[in-house]
Structure formats: C-alpha cells, structure tokens
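query33.pdb, holding PDB, C-alpha atoms, pLDDT in the B column:
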```
ATOM      1  CA  SER J   1     125.481 115.490  74.345  1.00 75.00           C
ATOM      2  CA  ALA J   2     124.140 118.694  75.904  1.00 84.00           C
ATOM      3  CA  VAL J   3     124.617 119.266  79.622  1.00 92.00           C
ATOM      4  CA  ILE J   4     121.319 120.241  81.206  1.00 96.00           C
ATOM      5  CA  SER J   5     120.761 121.586  84.705  1.00 97.00           C
ATOM      6  CA  GLN J   6     117.573 122.346  86.575  1.00 98.00           C
ATOM      7  CA  LYS J   7     116.831 124.427  89.635  1.00 98.00           C
ATOM      8  CA  PRO J   8     115.533 123.687  92.184  1.00 98.00           C
ATOM      9  CA  SER J   9     116.209 119.955  92.383  1.00 97.00           C
ATOM     10  CA  ARG J  10     113.327 119.573  94.797  1.00 97.00           C
ATOM     11  CA  ASP J  11     110.861 121.688  96.738  1.00 97.00           C
ATOM     12  CA  ILE J  12     107.987 121.365  99.143  1.00 98.00           C
ATOM     13  CA  CYS J  13     105.285 123.962  98.627  1.00 97.00           C
ATOM     14  CA  GLN J  14     101.977 124.960 100.119  1.00 97.00           C
ATOM     15  CA  ARG J  15      98.803 124.663  98.092  1.00 97.00           C
ATOM     16  CA  GLY J  16      97.776 127.834  96.327  1.00 97.00           C
ATOM     17  CA  THR J  17     101.344 129.026  95.791  1.00 97.00           C
ATOM     18  CA  SER J  18     103.415 128.962  92.595  1.00 98.00           C
ATOM     19  CA  LEU J  19     106.865 127.574  91.823  1.00 98.00           C
ATOM     20  CA  THR J  20     109.136 128.482  88.932  1.00 98.00           C
ATOM     21  CA  ILE J  21     111.551 125.823  87.685  1.00 98.00           C
ATOM     22  CA  GLN J  22     114.594 126.823  85.678  1.00 98.00           C
ATOM     23  CA  CYS J  23     116.297 124.805  82.952  1.00 98.00           C
ATOM     24  CA  GLN J  24     119.754 125.750  81.672  1.00 97.00           C
ATOM     25  CA  VAL J  25     121.602 124.128  78.762  1.00 96.00           C
ATOM     26  CA  ASP J  26     125.302 124.481  78.057  1.00 95.00           C
ATOM     27  CA  SER J  27     124.782 125.012  74.318  1.00 93.00           C
ATOM     28  CA  GLN J  28     122.222 126.633  72.060  1.00 93.00           C
ATOM     29  CA  VAL J  29     119.381 124.296  71.191  1.00 91.00           C
ATOM     30  CA  THR J  30     116.333 124.874  69.067  1.00 89.00           C
ATOM     31  CA  MET J  31     113.929 122.483  70.736  1.00 88.00           C
ATOM     32  CA  MET J  32     113.232 122.473  74.475  1.00 94.00           C
ATOM     33  CA  PHE J  33     110.430 120.594  76.148  1.00 96.00           C
ATOM     34  CA  TRP J  34     108.823 120.270  79.558  1.00 97.00           C
ATOM     35  CA  TYR J  35     107.544 116.950  80.869  1.00 97.00           C
ATOM     36  CA  ARG J  36     105.741 115.774  83.949  1.00 97.00           C
ATOM     37  CA  GLN J  37     106.364 112.391  85.505  1.00 97.00           C
ATOM     38  CA  GLN J  38     103.926 111.461  88.238  1.00 94.00           C
ATOM     39  CA  PRO J  39     105.057 108.880  90.804  1.00 89.00           C
ATOM     40  CA  GLY J  40     105.534 105.472  89.204  1.00 90.00           C
ATOM     41  CA  GLN J  41     104.276 106.722  85.845  1.00 94.00           C
ATOM     42  CA  SER J  42     105.607 107.470  82.406  1.00 96.00           C
ATOM     43  CA  LEU J  43     106.578 110.862  81.048  1.00 95.00           C
ATOM     44  CA  THR J  44     103.887 113.180  79.746  1.00 94.00           C
ATOM     45  CA  LEU J  45     104.739 116.133  77.554  1.00 94.00           C
ATOM     46  CA  ILE J  46     103.421 119.415  78.956  1.00 96.00           C
ATOM     47  CA  ALA J  47     104.589 121.785  76.244  1.00 95.00           C
ATOM     48  CA  THR J  48     107.234 122.756  73.735  1.00 94.00           C
ATOM     49  CA  ALA J  49     109.101 125.891  74.792  1.00 94.00           C
ATOM     50  CA  ASN J  50     109.511 128.079  71.726  1.00 87.00           C
ATOM     51  CA  GLN J  51     112.177 130.749  71.683  1.00 87.00           C
ATOM     52  CA  GLY J  52     110.677 134.170  71.068  1.00 83.00           C
ATOM     53  CA  SER J  53     107.071 133.021  70.953  1.00 85.00           C
ATOM     54  CA  GLU J  54     104.404 131.414  73.078  1.00 89.00           C
ATOM     55  CA  ALA J  55     104.843 127.802  74.138  1.00 93.00           C
ATOM     56  CA  THR J  56     102.878 125.058  72.423  1.00 93.00           C
ATOM     57  CA  TYR J  57     100.808 123.138  74.970  1.00 95.00           C
ATOM     58  CA  GLU J  58      99.647 119.538  74.773  1.00 93.00           C
ATOM     59  CA  SER J  59      96.104 118.472  75.414  1.00 92.00           C
ATOM     60  CA  GLY J  60      95.231 118.787  79.079  1.00 94.00           C
ATOM     61  CA  PHE J  61      97.771 121.513  79.842  1.00 96.00           C
ATOM     62  CA  VAL J  62      97.054 125.235  79.706  1.00 96.00           C
ATOM     63  CA  ILE J  63      99.156 128.370  79.821  1.00 96.00           C
ATOM     64  CA  ASP J  64      97.405 129.792  82.886  1.00 97.00           C
ATOM     65  CA  LYS J  65      98.415 126.760  84.944  1.00 97.00           C
ATOM     66  CA  PHE J  66     101.867 126.158  83.415  1.00 98.00           C
ATOM     67  CA  PRO J  67     103.262 129.409  82.013  1.00 97.00           C
ATOM     68  CA  ILE J  68     106.551 128.898  80.197  1.00 97.00           C
ATOM     69  CA  SER J  69     109.257 131.335  79.210  1.00 95.00           C
ATOM     70  CA  ARG J  70     112.033 130.819  76.658  1.00 96.00           C
ATOM     71  CA  PRO J  71     114.025 134.041  76.457  1.00 93.00           C
ATOM     72  CA  ASN J  72     116.962 132.523  74.542  1.00 94.00           C
ATOM     73  CA  LEU J  73     118.294 129.277  73.087  1.00 94.00           C
ATOM     74  CA  THR J  74     119.895 128.053  76.337  1.00 95.00           C
ATOM     75  CA  PHE J  75     117.298 128.772  79.010  1.00 96.00           C
ATOM     76  CA  SER J  76     113.661 128.146  79.852  1.00 97.00           C
ATOM     77  CA  THR J  77     111.386 128.321  82.874  1.00 97.00           C
ATOM     78  CA  LEU J  78     108.221 126.466  83.778  1.00 98.00           C
ATOM     79  CA  THR J  79     105.907 127.841  86.447  1.00 98.00           C
ATOM     80  CA  VAL J  80     103.440 125.614  88.229  1.00 98.00           C
ATOM     81  CA  SER J  81     100.705 128.018  89.311  1.00 98.00           C
ATOM     82  CA  ASN J  82      98.128 127.860  92.093  1.00 97.00           C
ATOM     83  CA  MET J  83      99.415 124.468  93.130  1.00 97.00           C
ATOM     84  CA  SER J  84      97.374 121.636  94.574  1.00 97.00           C
ATOM     85  CA  PRO J  85      98.531 118.240  95.916  1.00 96.00           C
ATOM     86  CA  GLU J  86      97.708 116.744  92.498  1.00 95.00           C
ATOM     87  CA  ASP J  87     100.599 118.770  91.072  1.00 97.00           C
ATOM     88  CA  SER J  88     103.066 116.754  93.153  1.00 97.00           C
ATOM     89  CA  SER J  89     105.309 115.232  90.533  1.00 97.00           C
ATOM     90  CA  ILE J  90     108.721 115.323  88.917  1.00 97.00           C
ATOM     91  CA  TYR J  91     109.072 117.999  86.264  1.00 98.00           C
ATOM     92  CA  LEU J  92     111.775 117.498  83.648  1.00 98.00           C
ATOM     93  CA  CYS J  93     113.030 119.656  80.865  1.00 97.00           C
ATOM     94  CA  SER J  94     114.582 118.133  77.791  1.00 96.00           C
ATOM     95  CA  VAL J  95     116.396 119.288  74.687  1.00 94.00           C
ATOM     96  CA  SER J  96     116.387 117.759  71.249  1.00 88.00           C
ATOM     97  CA  ASP J  97     119.393 117.697  68.964  1.00 78.00           C
ATOM     98  CA  ARG J  98     118.808 114.633  66.763  1.00 78.00           C
ATOM     99  CA  GLN J  99     118.440 112.825  70.074  1.00 85.00           C
ATOM    100  CA  GLU J 100     116.549 113.955  73.138  1.00 89.00           C
ATOM    101  CA  TYR J 101     118.280 114.457  76.478  1.00 92.00           C
ATOM    102  CA  PHE J 102     116.708 115.119  79.842  1.00 95.00           C
ATOM    103  CA  GLY J 103     117.563 117.377  82.703  1.00 96.00           C
ATOM    104  CA  PRO J 104     117.866 115.903  86.201  1.00 97.00           C
ATOM    105  CA  GLY J 105     114.310 116.846  87.107  1.00 97.00           C
ATOM    106  CA  THR J 106     112.637 118.841  89.859  1.00 98.00           C
ATOM    107  CA  ARG J 107     110.778 116.855  92.490  1.00 97.00           C
ATOM    108  CA  LEU J 108     107.795 118.898  93.632  1.00 98.00           C
ATOM    109  CA  THR J 109     105.689 118.058  96.676  1.00 97.00           C
ATOM    110  CA  VAL J 110     102.577 120.121  97.356  1.00 97.00           C
ATOM    111  CA  LEU J 111     101.095 119.959 100.822  1.00 96.00           C
TER     112      LEU J 111
ATOM    113  CA  GLY R   1      97.997 111.828  67.893  1.00 81.00           C
ATOM    114  CA  GLU R   2     100.517 109.076  68.483  1.00 87.00           C
ATOM    115  CA  ASN R   3      99.760 106.303  70.978  1.00 93.00           C
ATOM    116  CA  VAL R   4     102.476 103.969  72.265  1.00 97.00           C
ATOM    117  CA  GLU R   5     101.705 100.767  74.140  1.00 97.00           C
ATOM    118  CA  GLN R   6     104.458  98.971  76.052  1.00 98.00           C
ATOM    119  CA  HIS R   7     104.541  95.422  77.455  1.00 98.00           C
ATOM    120  CA  PRO R   8     105.132  93.948  79.908  1.00 98.00           C
ATOM    121  CA  SER R   9     104.771  96.498  82.692  1.00 97.00           C
ATOM    122  CA  THR R  10     107.044  94.425  84.934  1.00 98.00           C
ATOM    123  CA  LEU R  11     109.624  91.828  84.011  1.00 98.00           C
ATOM    124  CA  SER R  12     111.703  89.694  86.330  1.00 98.00           C
ATOM    125  CA  VAL R  13     114.607  87.650  84.976  1.00 98.00           C
ATOM    126  CA  GLN R  14     117.501  85.707  86.370  1.00 98.00           C
ATOM    127  CA  GLU R  15     120.958  87.171  85.932  1.00 97.00           C
ATOM    128  CA  GLY R  16     122.409  85.985  82.638  1.00 97.00           C
ATOM    129  CA  ASP R  17     119.040  85.469  80.979  1.00 97.00           C
ATOM    130  CA  SER R  18     117.670  87.647  78.190  1.00 98.00           C
ATOM    131  CA  ALA R  19     114.955  90.281  78.545  1.00 98.00           C
ATOM    132  CA  VAL R  20     112.611  91.462  75.817  1.00 98.00           C
ATOM    133  CA  ILE R  21     110.356  94.509  75.991  1.00 98.00           C
ATOM    134  CA  LYS R  22     107.840  95.207  73.244  1.00 98.00           C
ATOM    135  CA  CYS R  23     106.139  98.392  72.068  1.00 98.00           C
ATOM    136  CA  THR R  24     103.518  99.171  69.468  1.00 98.00           C
ATOM    137  CA  TYR R  25     102.722 102.546  67.976  1.00 97.00           C
ATOM    138  CA  SER R  26      99.728 103.898  66.132  1.00 95.00           C
ATOM    139  CA  ASP R  27     101.011 106.569  63.737  1.00 93.00           C
ATOM    140  CA  SER R  28     102.600 105.049  60.640  1.00 92.00           C
ATOM    141  CA  ALA R  29     104.367 108.374  60.014  1.00 92.00           C
ATOM    142  CA  SER R  30     106.504 107.949  63.159  1.00 93.00           C
ATOM    143  CA  ASN R  31     110.114 107.531  62.112  1.00 92.00           C
ATOM    144  CA  TYR R  32     112.292 107.637  65.220  1.00 94.00           C
ATOM    145  CA  PHE R  33     112.143 105.204  68.150  1.00 96.00           C
ATOM    146  CA  PRO R  34     114.403 105.744  71.177  1.00 96.00           C
ATOM    147  CA  TRP R  35     114.658 103.658  74.321  1.00 98.00           C
ATOM    148  CA  TYR R  36     115.382 105.188  77.718  1.00 97.00           C
ATOM    149  CA  LYS R  37     116.570 103.634  80.954  1.00 98.00           C
ATOM    150  CA  GLN R  38     115.567 105.319  84.185  1.00 97.00           C
ATOM    151  CA  GLU R  39     117.150 104.258  87.441  1.00 96.00           C
ATOM    152  CA  LEU R  40     115.431 105.127  90.687  1.00 93.00           C
ATOM    153  CA  GLY R  41     115.591 108.849  91.391  1.00 91.00           C
ATOM    154  CA  LYS R  42     117.495 109.637  88.218  1.00 94.00           C
ATOM    155  CA  ARG R  43     116.724 111.139  84.840  1.00 95.00           C
ATOM    156  CA  PRO R  44     115.848 108.993  81.802  1.00 96.00           C
ATOM    157  CA  GLN R  45     118.997 108.113  79.859  1.00 96.00           C
ATOM    158  CA  LEU R  46     118.970 107.278  76.170  1.00 95.00           C
ATOM    159  CA  ILE R  47     120.395 103.778  75.702  1.00 97.00           C
ATOM    160  CA  ILE R  48     119.669 103.020  72.062  1.00 96.00           C
ATOM    161  CA  ASP R  49     117.532 104.323  69.247  1.00 95.00           C
ATOM    162  CA  ILE R  50     116.466 103.277  65.764  1.00 94.00           C
ATOM    163  CA  ARG R  51     115.170 105.161  62.775  1.00 92.00           C
ATOM    164  CA  SER R  52     112.534 103.922  60.389  1.00 86.00           C
ATOM    165  CA  ASN R  53     114.974 103.212  57.572  1.00 85.00           C
ATOM    166  CA  VAL R  54     116.692 100.533  59.689  1.00 83.00           C
ATOM    167  CA  GLY R  55     115.284  97.185  60.808  1.00 91.00           C
ATOM    168  CA  GLU R  56     117.718  96.336  63.577  1.00 94.00           C
ATOM    169  CA  LYS R  57     120.446  97.993  65.593  1.00 94.00           C
ATOM    170  CA  LYS R  58     122.800  96.502  68.141  1.00 96.00           C
ATOM    171  CA  ASP R  59     125.088  97.964  70.784  1.00 94.00           C
ATOM    172  CA  GLN R  60     126.929  95.343  72.827  1.00 96.00           C
ATOM    173  CA  ARG R  61     124.289  93.536  74.932  1.00 97.00           C
ATOM    174  CA  ILE R  62     121.427  95.735  73.751  1.00 98.00           C
ATOM    175  CA  ALA R  63     119.563  95.456  70.471  1.00 98.00           C
ATOM    176  CA  VAL R  64     116.444  97.023  69.052  1.00 98.00           C
ATOM    177  CA  THR R  65     114.297  95.709  66.207  1.00 97.00           C
ATOM    178  CA  LEU R  66     111.672  97.571  64.233  1.00 96.00           C
ATOM    179  CA  ASN R  67     108.819  96.182  62.166  1.00 95.00           C
ATOM    180  CA  LYS R  68     107.293  99.135  60.309  1.00 93.00           C
ATOM    181  CA  THR R  69     104.570  97.088  58.694  1.00 93.00           C
ATOM    182  CA  ALA R  70     103.280  95.809  62.011  1.00 94.00           C
ATOM    183  CA  LYS R  71     104.143  99.085  63.773  1.00 95.00           C
ATOM    184  CA  HIS R  72     106.023  97.495  66.600  1.00 95.00           C
ATOM    185  CA  PHE R  73     109.544  97.629  67.949  1.00 97.00           C
ATOM    186  CA  SER R  74     111.351  95.718  70.652  1.00 98.00           C
ATOM    187  CA  LEU R  75     114.277  96.044  73.021  1.00 98.00           C
ATOM    188  CA  HIS R  76     116.426  92.991  73.633  1.00 98.00           C
ATOM    189  CA  ILE R  77     118.925  92.774  76.470  1.00 98.00           C
ATOM    190  CA  THR R  78     121.153  89.718  76.547  1.00 97.00           C
ATOM    191  CA  GLU R  79     123.232  88.376  79.434  1.00 98.00           C
ATOM    192  CA  THR R  80     121.362  90.556  81.896  1.00 98.00           C
ATOM    193  CA  GLN R  81     123.180  91.879  84.944  1.00 97.00           C
ATOM    194  CA  PRO R  82     121.823  93.271  88.232  1.00 96.00           C
ATOM    195  CA  GLU R  83     122.779  96.777  87.100  1.00 96.00           C
ATOM    196  CA  ASP R  84     120.312  96.424  84.238  1.00 98.00           C
ATOM    197  CA  SER R  85     117.536  96.658  86.831  1.00 98.00           C
ATOM    198  CA  ALA R  86     115.612  99.868  86.084  1.00 98.00           C
ATOM    199  CA  VAL R  87     112.514 101.172  84.370  1.00 98.00           C
ATOM    200  CA  TYR R  88     112.737 101.175  80.595  1.00 98.00           C
ATOM    201  CA  PHE R  89     110.655 103.451  78.371  1.00 98.00           C
ATOM    202  CA  CYS R  90     110.105 103.202  74.653  1.00 98.00           C
ATOM    203  CA  ALA R  91     109.057 106.236  72.647  1.00 97.00           C
ATOM    204  CA  ALA R  92     108.022 107.177  69.147  1.00 95.00           C
ATOM    205  CA  THR R  93     108.070 110.407  67.195  1.00 90.00           C
ATOM    206  CA  LYS R  94     107.508 111.710  63.684  1.00 80.00           C
ATOM    207  CA  GLY R  95     108.764 115.190  64.402  1.00 79.00           C
ATOM    208  CA  ASN R  96     110.385 116.527  67.487  1.00 77.00           C
ATOM    209  CA  MET R  97     107.872 115.459  70.131  1.00 83.00           C
ATOM    210  CA  LEU R  98     108.277 112.091  71.800  1.00 90.00           C
ATOM    211  CA  THR R  99     105.323 109.984  72.876  1.00 94.00           C
ATOM    212  CA  PHE R 100     106.335 107.537  75.586  1.00 96.00           C
ATOM    213  CA  GLY R 101     105.140 104.072  76.393  1.00 97.00           C
ATOM    214  CA  GLY R 102     104.002 103.279  79.909  1.00 97.00           C
ATOM    215  CA  GLY R 103     107.331 101.818  80.999  1.00 97.00           C
ATOM    216  CA  THR R 104     108.642  98.396  82.000  1.00 98.00           C
ATOM    217  CA  ARG R 105     110.160  97.743  85.389  1.00 98.00           C
ATOM    218  CA  LEU R 106     112.948  95.227  84.826  1.00 98.00           C
ATOM    219  CA  MET R 107     114.289  93.333  87.803  1.00 98.00           C
ATOM    220  CA  VAL R 108     117.375  91.170  87.360  1.00 98.00           C
ATOM    221  CA  LYS R 109     117.793  88.687  90.181  1.00 96.00           C
ATOM    222  CA  PRO R 110     121.365  87.742  91.052  1.00 92.00           C
TER     223      PRO R 110
END
```

Structure encoded using structure tokens:
Amino acid sequence: SAVISQKPSRDICQRGTSLTIQCQVDSQVTMMFWYRQQPGQSLTLIATANQGSEATYESGFVIDKFPISRPNLTFSTLTVSNMSPEDSSIYLCSVSDRQEYFGPGTRLTVL
Amino acid sequence: GENVEQHPSTLSVQEGDSAVIKCTYSDSASNYFPWYKQELGKRPQLIIDIRSNVGEKKDQRIAVTLNKTAKHFSLHITETQPEDSAVYFCAATKGNMLTFGGGTRLMVKP
C-alpha cells in the first residue's frame, strides 16, 4: 500500500488566519482526496484533488474556503482559509489505488 | 447521492463474544464496500472489503456479508479481543468516492 505523510500533524491557529496542510505520497497515484473528521464524527469528503485541474468539491464545501492544489501525482495541499472555531477538526488526505488509504491526519484547533 | 446508515452507534461485548455491525446503502449502483477500523488518535485502517460480485468474504476472525437486493452489508467479528476495541466505519462507493457510515464504537470488555 502507498505510504502517505501529512504536515503539520497538528496546529493551533487564531481565528481569521489560514493554514495549509500538505499531503505527500511515496508513489504516483491518480486519485487523491481530502476529508474532514470532526470530533467524534465520521469522515466527510471535502473534495477530490485533480492533477492539473481544479478540485471537485462536495456539497457544502467551496473553493474560496478550502483551496486545493495538486501540482503532480504525489503531492497535494489543502488550505483552510479565514478560520473560525467551527473549523477545528482533523483533516485527512487519502489516495485510491483499488483500495483507499488514509494519511495520518492533521489535527487543527482554532481559537 | 449515496447515503450510508450504520448501526449500532455503540456496541459493548464481552471478550470472546461475537460482534456484528450493519450498514445499509441507498444507491444500487454502488459496487465496493470497505470497512475501516480507527483507533483513538490514529488514521482509519482498511480491515476488509467486498465487491458487489461477491456475497461473503472472510479474513481470520473478520467476515463481511453483502446482500445487494436488500442493499445492506455487515461486518462480523468473532472471538473478540480487547484490541478490537475501536471505532469501525463502513463505506460504499460506485466510483472512486467513498461515502461513510456514521461509525460504531466497539468496546470489548476483558
């Protein structure tokens, strides 16, 4: 299975600021995704990160709030913009190669 | 879009007993059904999956069954051990995007 890393592993941020989360995979993968997991909840898909084109966002998520980059087949970033305490969550990237594997997640706390 | 319901939300069993978690899905075109185990503070880990052309799959103490007609699938864990304690998520997909159930917190009491 693919080895996936994320940076940072956790952060505490002030409201109104932005945080960019990086996801690195050790092999080229076509499909990369970003999820949010709020405390004690299930995983919700934010968007599909498409290489060379704009990300595909799920209902309730917009590019202005969660801009995503996918410059190549091994790397993606998710930015959480203009943060509020409601954005406090774990953000996970995942890759799909017949099966879907998750990165370790980034635990974000917004004060 | 797809909707996945998962029950129960919490499950407590005695060590050695069996545990069953059930999920239903709404989109009959869904064809892939993975199960993930998430321990506290860790990432979800794939533990078993089943595709729509198979009715049952087993891997040691874990088995999954799929009823396409009724659109439900289940996870069965036999001879439960304390290390099985975790949150379990079912999911369904017809393409590349997974839709997750709400999760089941399994507690195995020694």

Provide as a ChimeraX atom specification the residues of chain R at most 9 Å from chain J, counting all atoms listed in the file. /R:34,42-46,49,89,96-103

List, as a short mmCIF file (atom, residue, chain, number, x, y, z; two decimals) with C-alpha atoms, in the frame of the given file, every residue that the PyMOL selection byres ((chain R and resi 58) around 12) selects in the file provided.
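Here's the written file out_10.cif:
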```
data_model
loop_
_atom_site.label_atom_id
_atom_site.label_comp_id
_atom_site.auth_asym_id
_atom_site.auth_seq_id
_atom_site.Cartn_x
_atom_site.Cartn_y
_atom_site.Cartn_z
CA ILE R 47 120.40 103.78 75.70
CA ILE R 48 119.67 103.02 72.06
CA ASP R 49 117.53 104.32 69.25
CA ILE R 50 116.47 103.28 65.76
CA VAL R 54 116.69 100.53 59.69
CA GLY R 55 115.28 97.18 60.81
CA GLU R 56 117.72 96.34 63.58
CA LYS R 57 120.45 97.99 65.59
CA ASP R 59 125.09 97.96 70.78
CA GLN R 60 126.93 95.34 72.83
CA ARG R 61 124.29 93.54 74.93
CA ILE R 62 121.43 95.74 73.75
CA ALA R 63 119.56 95.46 70.47
CA VAL R 64 116.44 97.02 69.05
CA THR R 65 114.30 95.71 66.21
CA LEU R 66 111.67 97.57 64.23
CA SER R 74 111.35 95.72 70.65
CA LEU R 75 114.28 96.04 73.02
CA HIS R 76 116.43 92.99 73.63
CA ILE R 77 118.92 92.77 76.47
CA THR R 78 121.15 89.72 76.55
#
```

Which residues are near stretch 67-73 of chain J? Cut-off 9 Å, all atoms listed in the file, ignore same chain within fewer than 4 positions. Put them as a tab-separated table (two decimals) with C-alpha atoms, in the frame of the given file.
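Okay, result_6.tsv is ready:
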```
chain	number	residue	atom	x	y	z
J	25	VAL	CA	121.60	124.13	78.76
J	27	SER	CA	124.78	125.01	74.32
J	28	GLN	CA	122.22	126.63	72.06
J	29	VAL	CA	119.38	124.30	71.19
J	30	THR	CA	116.33	124.87	69.07
J	31	MET	CA	113.93	122.48	70.74
J	32	MET	CA	113.23	122.47	74.47
J	34	TRP	CA	108.82	120.27	79.56
J	47	ALA	CA	104.59	121.78	76.24
J	48	THR	CA	107.23	122.76	73.74
J	49	ALA	CA	109.10	125.89	74.79
J	50	ASN	CA	109.51	128.08	71.73
J	51	GLN	CA	112.18	130.75	71.68
J	52	GLY	CA	110.68	134.17	71.07
J	53	SER	CA	107.07	133.02	70.95
J	54	GLU	CA	104.40	131.41	73.08
J	55	ALA	CA	104.84	127.80	74.14
J	62	VAL	CA	97.05	125.24	79.71
J	63	ILE	CA	99.16	128.37	79.82
J	77	THR	CA	111.39	128.32	82.87
J	78	LEU	CA	108.22	126.47	83.78
J	79	THR	CA	105.91	127.84	86.45
J	80	VAL	CA	103.44	125.61	88.23
J	81	SER	CA	100.70	128.02	89.31
```

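For the point (120.6, 91.7, 83.1), the residues with an atom at a distance of at most 9 Å are Val13, Gln14, Glu15, Gly16, Asp17, Ser18, Ala19, Ile77, Thr78, Glu79, Thr80, Gln81, Pro82, Glu83, Asp84, Ser85, Leu106, Met107, Val108, Lys109 and Pro110 of chain R, counting all atoms listed in the file.
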
Selected by the PyMOL selection byres ((chain J and resi 23) around 6) in the shown coordinates: which residues, as a VMD selection string? chain J and resid 5 to 6 22 24 75 to 76

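Going from atom CA of R:Val87 over to atom CA of R:Tyr36, you cover 8.3 Å.
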
Can you turn the PyMOL selection byres ((chain J and resi 16) around 6) into a concrete residue list for this file, as a PDB file with C-alpha atoms, keeping the file's coordinate frame?
```
ATOM      1  CA  ARG J  15      98.803 124.663  98.092  1.00 97.00           C
ATOM      2  CA  THR J  17     101.344 129.026  95.791  1.00 97.00           C
ATOM      3  CA  ASN J  82      98.128 127.860  92.093  1.00 97.00           C
ATOM      4  CA  MET J  83      99.415 124.468  93.130  1.00 97.00           C
TER       5      MET J  83
END
```

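The two atoms in question, atom CA of J:Lys7 and atom CA of J:Thr20, are spaced 8.7 Å apart.
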
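Interatomic distance, atom CA of J:Ile21 to atom CA of R:Cys90: 26.1 Å.
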
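Among the candidates R:Asn3, R:Lys94, R:Tyr88, R:Arg51, the residue lying nearest to R:Val20 is R:Tyr88 (atoms considered: all atoms listed in the file).
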